[in-house]
Structure formats: structure tokens, C-alpha cells
Amino acid sequence: MANKTQEVGGIHFPFPFTPYSIQKDFMAELYRVLEAGKIGIFESPTGTGKSLSLICGALSWLRDFEQKKHQEEARLLETGTVSLSDGQEQPLSLSSSCTETPDTLRPVGEPDWVTQFVQKKEERDLVDRLKEEQVRRKKREERLQQIRHNAQLKYAAKRMRQEEEEMERVLHLSREVLAAGAGAEPREQLAGEEDLVLAEYESDEEKGAASGVDEDEDDPEEEHVTKIYYCSRTHSQLAQFVHEVQRSPFGKDTRLVSLGSRQNLCINEDVKTLGSAQLMNDRCMEMQRSKHEKSRAEEEKPKRRRQERRATCPFYGYEQLQLLRDQVLVGVKDIEQLVALGKEARACPYYGSRSAIPAAQLVVLPYQMLLHAATRQAAGIRLQGQVVLIDEAHNLIDTITGIHSAEVSGSQLCQAHSQLLQYMERYGKRLKAKNLMYIKQILYLLEKFVTVLGGNIKQNPNTQSLSETGTELKTINDFLFESQIDNINLFKVRRYCERSMVSRKLFGFTERYGTVLAPSKEQPKLAGFQHFLQSLQPTVTQTSVTPVEEGEARVPRPASPLMHIESFLAALTTANQDGRVILSRQGSLSQSSLKFLLLNPAVHFAQVVKECRAVVIAGGTMQPVSDFREQLLACAGVEAERVVEFSCGHVIPPDNILPLVICSGPSSQQLEFTYQKRELPQMMDETGRILCNLCTVVPGGVVCFFPSYEYQRQVYAHWDKSGLLARLAVRKKIFQEPKRANQVEQVLMEYSRCIKCCGQAGGTVTGALLLSVVGGKMSEGINFSDNLGRCVVMVGMPYPNIKSPELQEKMAYLDQTLPRGPGQPPPGKALVENLCMKAVNQSIGRAIRHQKDFASIVLLDQRYARPPILGKLPAWIRDRVEVKATFGPAFAAMRKFHREKSVPS
């Protein structure tokens, strides 16, 4: 595609083709938001080229920012002063990032010679820093240029690594031979025990994990340059964005890094076969610890023979990771290309991509990695002074709430207590006092959690019936008092869990139980413990207590329940007003649970908006935006003046869309699908008659959304019994959204194939009808363009369950926290309406997908005609809505619209 540079307001935006006018407006406004350091809420409907607008707008700003920064650095190095806005000169030490003046930095009455000396020193220090940055930048650019133009470097490094691995195998073999001659069995058994024992826990204030390898240190040669963090919801959306960058004018020169989980990036087959994310994480960390222990042991010269060490990962080496880092930065690559590159270089893509973050200009990553502080820190992401773009952000509030909420079952509590108790009994004499103290505190917490649910920690949770059942909701403080754990410092317990990695040790203990330990006099006791664990998890494959031979495949166990409980403990350290604890007591203890509900997602988003230079929240459908302004930004301390809203129309002609609100059906039945009325036979009959009429005039595909799976099932059964289903099938073949995610693609393929065949063959069947569910698998991320979605029908209003304890508590919290505007509904009621309309907007946005597309949108419920509800529709739909009180005029408008649009132009 030809590069067509556009000039908007004096700013040059490279673009792969001539952009729409709304794309020019989008890029210009985005540039202004980033330059001014503001928070932007951007809405651009699907099909308007939002991704390209984000790419070209943001990277144009970064290009200009870097250019101005380099020019300023060069001028500073040359003149030693920085210009002030009034034309005066200012000492070099006060760079553009400083806002203080010399007078504010110096004590009153300080001698002039001291002030001048300090000022001169600051000037020299700044010059030295700028020179070092220039040297580093030049080295990096030269290094990347060499890799671009000299492929031999890559293959030489690969050959050297293969030679090193071959030498390592020979040395390992020789060590095994020597160990076999000296009787290695006792040492192997000892090694299997040693790696399960907790290291000494020095102090609560000590920084870093106990093992010292869980925190990756950045390359001292690299500093974090100003960059853009782009995040979206799914890996497929991220891959699509990377492909757009590759197609853009910035595709060749941008240093882009794609981040993902170990499940996406690991190339070690032994680790990949574990399947579970937690199992993979633990195995990876264990192999890293082995490598670090090996390195330290080789530096030491012990007097006694060292024991045999565990396996290390062949892809985790400094040299090959550095090479992979540079190859990642040379050209734009998605996750699949990154994995292929890692396999070729025999270097870990997971750690190779992380090491490339400091020098990257654009980092592409999933929501969770950026929005969760601990994950962000572990990945080496620094937000200070950076730009964050959050795409597909319509569910941002729910995403933050979900990430920081936690739930544990009675079964998990009992299992974790039993495992930890057995661990302490076995290794208690080898553990230091502080480890024992914290383990006993964790055991006490687990026991009290089970007690507050009404159970007994010493009995099997599957057979324990609770005397009281129901759901109870408490503040964090009330829960701590009722559980009798208010005397425990949960902050210290949380810190201990993080730094000692007790859950990983415990998991290793239970995973190796009966496999590493040789038979001994304790075997009957151990076998009994294993039997109890299996009784808690009846779905887990029974594992033999006989030793497993090396290399023999084992069924991976589920992750340690203590890991889930750690998340719950961490959640309990949230401020009392920002969260609630839900006690759900069911029939048995194993089915009961404790759940932490985050009420204020702004507390976790506040750090992002505070540290970043600018944040942009973007999506195809962001209405209603009041949720973002009030629940997320205002509660995070963002001033209203810093927030900028931008919403553009669609690229389709106005007459390519027909949105209708239909208030009554063919038999004059008023349409109001409330909980009390929607299950009435006459209401379900009227819905069926409306669809029968629509299917006679709409060509191709019709997608009909219901408020819930249960209501869809109910209506389908009623239509089948009344004969309406057979009438519908005369015109459209009927498909239903499957409940299982792995069946969605198959249903969509058959739906698409049916529409295509009917379009070619002719006959009475003119297409297909897809019965879907709001918030289900078809309501988001699915493309019903052209004939796949000529009409979208919304049956009723998908209000959330108002009786839900979580929703009621959230409503009460908002009523207490947010101010109520004059003439506005209470914030809690507004939340319910906003949740409903966000779901509606996502569903009806499935149809129009590009400039030449056309479709009708039918909203079946007279409540849609109310101005407050209409006002929450996207502007490009809202401006075209026609409210039809009776069905006749609505049907006539539909017939006219589709007759005109279906005629070939």
C-alpha cells in the first residue's frame, strides 16, 4: 500500500491510504491528548479503522516527541543551558522535566559560592547522563543494524550455543558416571527433599524473593525509553493489532514487543506438556532456581562433593536471550512469529520479549498484565512517564474488578490446611523459627475460615452438611472480627507468602508425594494422607504411591489450593470501604465459599493514571461513558479538566442503517419484557410472530439476541410446541448459540454456509436465523458483516439480576460514594441501566462492519423509547432511531429498506 502522509493541523500523519475524515479527526485529537498528558475516552465504531487511527496517531506523536527530545539533548550538550518560555536562559541542571526554580531548591541564606558549586555539579552530572544515553542509544542502533544486515551473526551465535549444549551434555554424563560409582541413591533422595524445604526467612522488610531469582533485573546497559503500551482483551485481538502495525507506514522502523503468558510463549516441551498455567509457571521458576544455584555453586569451591542438581532450561541463557532480544526489536512480530524466532535461536521467547521492553517503542500486551500491579512488576513494566492505550475498553471496569476479586471454596480451604499441616510435620525440625511461626499463622487462618462457614477443618468437606445455608455479605473488618483473625497482621502474612513462595514449596511436596520418597516406616501414614487428598478431589486421577521412573509421563495435578487462598488473603488487605466479603453457605462445606468483591476498581487504576504521562481508553462502543468518568476516573482522583471525550460517527452512509424501536406486535400486544411479563405465553407468541414477519422481508442472516440462556431455551421450547418454530423454518434455517465455547466455531461455519447456499440456490428458505444470548459467545468479537447479519433483533432489555447480593452492594456503594446530579437517577440505579445498555450496544454492534455494509436493528421493548435509554445508544445509531408505536408502520419501513438495499447498484 502506498504511504499517503496526511497533514492535519500542522501535524504529519503517515497513513497507508487516504483516511476517512473521521480518522483524521481521531488522529489529531489523539495527538493532542498525548501531547497535553491527558486522559482520553475515544469511541470509534467497528469498521471505521480505529486500530490504524490509534497506530498512526500515537506513533506520529512518539516520532515527534523523540525528535524534539534528541534536538533538546543536542542543544543542551552544546550550550549548557535550557531556554525558558520568556526567552531567558536557565541553568542546564533544570531540564524540561523540572518545574522548580533554583531558589526553591536551595536553603535560604546559603552562600553564593555553594550555590554555584552545586549548580555546576548538577550541570556536569546532566551532561554526563546525556552523553551516556547517547552512547547507549548509538550502541543499540548499531547492534540492530548489524542484525538487520548480517544474518551470519545469528547463525554463529546459534552454532556456539549448540556447541555449549553438547559440552554440557558430555560433562553431565561424566558426572553421572562418577556419581553412580560413589553410590548416588542417598544423595538423590536428599536432593528431592532439600528443594522442598523453605529457605530461611530473614525479615519482613527484606527486599526481593527468598530465592533471589523470581525478580528479573533489567539489563544495566538499557534504560526505559518513552514508549506506548497497547493492551487489549484477547491474544487474537493483540495479534490483529500487530498485523495492522506491520501494514502501516511505521511497520519497518518501530521497535515493537509482544508480551504474553508462558502458555503462549514457552518452547520447552517438558514444561508445555504440563498444560496448566500455574504448573508451567512453577516448573519454569524451579528450572531457573536450578540454573542460579548451579551458577553459584560453580563460583564456590566447597570442600565436600555437591549433590546432583535438578534440570535447568536449555533456552534460558544470557547470550541467546540477548540475541533474541535484539532480533525481537529488529522487526515487528506477533506472538507466533516470536515463538518461531525463539525456537530458531534456541532462546526463551517469554524472557527474551521481557528483556526487550526497555528499548521498545511499542509494547503490546493483554489487559491483565498491565492492570494488575504485581504482574506488571514481575514483567518489568514501568509506567512512569509512559503512554497507555487500552483498546476494547468497554468492559474495563468489570475487568479490573474481576482481576482483583477472589473466591475460595470450603474444599480448597480444607485441602490446603491438610497439605500444610503434613508439610510442617515432616519438615518442622528443619525449618527456622520464623517459617514455623508464619506456617502456624496460615494454618490458624485456614481453620478460622472454615469455622466461619460453619464447618470443621478436621472432617472431610464433601460429607459435612452445614446447619445454616444462604448468602451473607460483610465488610472486611466485620469479617475479620467474626472470623477471630483481626489479631493477625495480614500484610505480613501476605508478604511472607510472596517472598517465601510457600505455596510453590507445598505444591512440590504434594506433587512428589509418594514418587520421590523411598518406602519407609512412615509410608502407611503418607499413603493415608494421599488418600485423604484424593478424597477431596475425586476428579483427580488416582496416582500410585510407587516411585515414578525418570522420563515417565505423569498426570499433572491441579495447582495448589494455597495459591488461590493467597489471592484471597491479599484481597483482605484492601481498605475496608473498597470491598466486601460474601459468605456463601451451601448444602455441604465443599460447595460453600468465601468471596472477596472489589467495589472500587479505581483504587487499582489510580496508580496507572498517576504514573503515566497519558492514558487513552478506546473502544468501538463506549457509551454510556458516565461509568468511566465517575466510577473509574473521578474515584481515582483524576480532575474533570484532564478528561477528554471523543466520539466519531460511522463511515457508512446514514441511509445504510435502519434502527427501529417497536412498542407493540402484530396483534397489538404491548412489548415490555420485564421479569414478570416476559414468560407469559402471549408475549412469547408475539415475539415469534414478529420474527416470522421480519424473516419474510430480510434477506440473508438474522441474529436475534435474548436476555439469558434460560429465557432463550424457554422461548424455543414454547415456539416448538405452538408451531411457530416450523413457521420460522419455512423462511430461515434456525441455529442456536451453543453453551460450550468449543462448539461456537462449528455453529458459525454452518450458519455462514447455509446463508451462502441459500443465496445461490434460491427457493423459499432465504437464509438463516441465529438465536443468541446477550453477553454470550456471539455478542462480542464476532463479525456478522454483510449477509451474515442483515438484521439484528434485541428481545427485551438485558437488565442484570437486581437480586444479586454483589449488584445490590455495588449499587449501595455508589449511592453512598458518588454525588447525585439534579434531575438524575441515583448512581446505583444508573449503574443498572448502564450495564444493560452496554450489553445492548455490544450486541447490536455486531452487524455493521465496514463502509459499504447495511443492516436493520430492531429493539423489541417499549422501554427503549424512553429518552434516558435512547440517550445511551451510540450516537451513530441514536441519531437514526425511529420509534414505532405499532407494528404495521415498522414492518412497512423494514420491507422498504431491505427491498431498496438488496437491489444491485
# chains A, B, ... in the order shown; residues from 1 in each chain; ligands from 1

call {"tool": "select_by_dssp", "arguments": {"residues": "range 296-441 of chain A", "states": "strand (DSSP E)", "output": "list in words"}}
result
Leu362, Val363, Val364, Leu365, Pro366, Val387, Val388, Leu389, Ile390, Ala406, Glu407, Val408 and Ser409 of chain A

call {"tool": "residues_around", "arguments": {"residues": "range 65-71 of chain A", "least_positions_apart": "4", "cutoff": "9 Å", "atoms": "only C-alpha atoms", "output": "list of chain:residue names"}}
result
A:Glu35, A:Ser60, A:Trp61, A:Arg75, A:Leu76, A:Thr226

call {"tool": "write_last_selection", "arguments": {"atoms": "N, CA, C and O atoms", "output": "PDB file, in the first residue's frame"}}
result
ATOM      1  N   GLU A  35       0.065  14.751  23.733  1.00  0.00           N
ATOM      2  CA  GLU A  35       0.964  15.894  23.904  1.00  0.00           C
ATOM      3  C   GLU A  35       0.651  16.641  25.200  1.00  0.00           C
ATOM      4  O   GLU A  35       1.563  17.081  25.907  1.00  0.00           O
ATOM      5  N   SER A  60       2.886   8.710  15.423  1.00  0.00           N
ATOM      6  CA  SER A  60       3.279  10.030  14.911  1.00  0.00           C
ATOM      7  C   SER A  60       3.676  10.934  16.072  1.00  0.00           C
ATOM      8  O   SER A  60       4.671  11.671  15.999  1.00  0.00           O
ATOM      9  N   TRP A  61       2.899  10.881  17.151  1.00  0.00           N
ATOM     10  CA  TRP A  61       3.262  11.678  18.321  1.00  0.00           C
ATOM     11  C   TRP A  61       4.612  11.213  18.892  1.00  0.00           C
ATOM     12  O   TRP A  61       5.466  12.045  19.212  1.00  0.00           O
ATOM     13  N   ARG A  75      21.154  20.334  21.884  1.00  0.00           N
ATOM     14  CA  ARG A  75      21.323  21.754  22.204  1.00  0.00           C
ATOM     15  C   ARG A  75      21.868  21.933  23.619  1.00  0.00           C
ATOM     16  O   ARG A  75      22.714  22.807  23.876  1.00  0.00           O
ATOM     17  N   LEU A  76      21.388  21.096  24.541  1.00  0.00           N
ATOM     18  CA  LEU A  76      21.874  21.173  25.914  1.00  0.00           C
ATOM     19  C   LEU A  76      23.357  20.860  25.985  1.00  0.00           C
ATOM     20  O   LEU A  76      24.122  21.526  26.682  1.00  0.00           O
ATOM     21  N   THR A 226      10.923   6.366  26.370  1.00  0.00           N
ATOM     22  CA  THR A 226       9.494   6.678  26.332  1.00  0.00           C
ATOM     23  C   THR A 226       8.812   5.774  25.323  1.00  0.00           C
ATOM     24  O   THR A 226       9.251   5.641  24.179  1.00  0.00           O
TER      25      THR A 226
END

call {"tool": "closest_residue", "arguments": {"among": "A:Ile457, A:Ala373, A:Ala741, A:Val271", "to": "Phe605 in chain A", "atoms": "only C-alpha atoms"}}
result
A:Ala373

call {"tool": "closest_residue", "arguments": {"among": "A:Gln743, A:Ser588, A:Ser258, A:Ser647", "to": "His243 in chain A", "atoms": "only C-alpha atoms"}}
result
A:Ser258

call {"tool": "closest_residue", "arguments": {"among": "A:Asn477, A:Ser843, A:Thr621, A:Ser44", "to": "Phe26 in chain A", "atoms": "only C-alpha atoms"}}
result
A:Ser44

call {"tool": "closest_residue", "arguments": {"among": "A:Gly454, A:Ile848, A:Val697, A:Asn783", "to": "Glu900 in chain A", "atoms": "only C-alpha atoms"}}
result
A:Val697

call {"tool": "atom_distance", "arguments": {"atom1": "CA of Met811 in chain A", "atom2": "CA of Cys231 in chain A"}}
result
29.0 Å

call {"tool": "residues_around", "arguments": {"residues": "range 359-368 of chain A", "least_positions_apart": "6", "cutoff": "7 Å", "atoms": "only C-alpha atoms", "output": "list in words"}}
result
Glu222, Glu223, His224, Val225, Thr226, Lys227, Ile228, Tyr229, Tyr230, Cys231, Ser232, Arg233, Thr234, His235, Leu238, Thr254, Arg255, Leu256, Val257, Ser258, Leu259, Gly260 and Leu329 of chain A

call {"tool": "closest_residue", "arguments": {"among": "A:Asn268, A:Thr312, A:Asn693, A:Ser785", "to": "Arg849 in chain A", "atoms": "only C-alpha atoms"}}
result
A:Ser785

call {"tool": "closest_residue", "arguments": {"among": "A:His404, A:Lys677, A:Lys458, A:Arg495", "to": "Thr574 in chain A", "atoms": "only C-alpha atoms"}}
result
A:His404

call {"tool": "atom_distance", "arguments": {"atom1": "CA of Arg430 in chain A", "atom2": "CA of Tyr444 in chain A"}}
result
20.9 Å

call {"tool": "atom_distance", "arguments": {"atom1": "CA of Ile41 in chain A", "atom2": "CA of Leu371 in chain A"}}
result
17.1 Å

call {"tool": "residues_around", "arguments": {"residues": "Cys635 in chain A", "least_positions_apart": "3", "cutoff": "12 Å", "atoms": "only C-alpha atoms", "output": "JSON, numbers by chain"}}
result
{"A": [578, 599, 600, 601, 602, 603, 604, 605, 606, 607, 609, 627, 628, 629, 630, 631, 632, 638, 639, 640, 814, 817, 818, 819]}

call {"tool": "select_by_dssp", "arguments": {"residues": "range 420-485 of chain A", "states": "helix (DSSP H, G or I)", "output": "number ranges by chain"}}
result
A: 420-430, 433-453, 461-463, 476-483
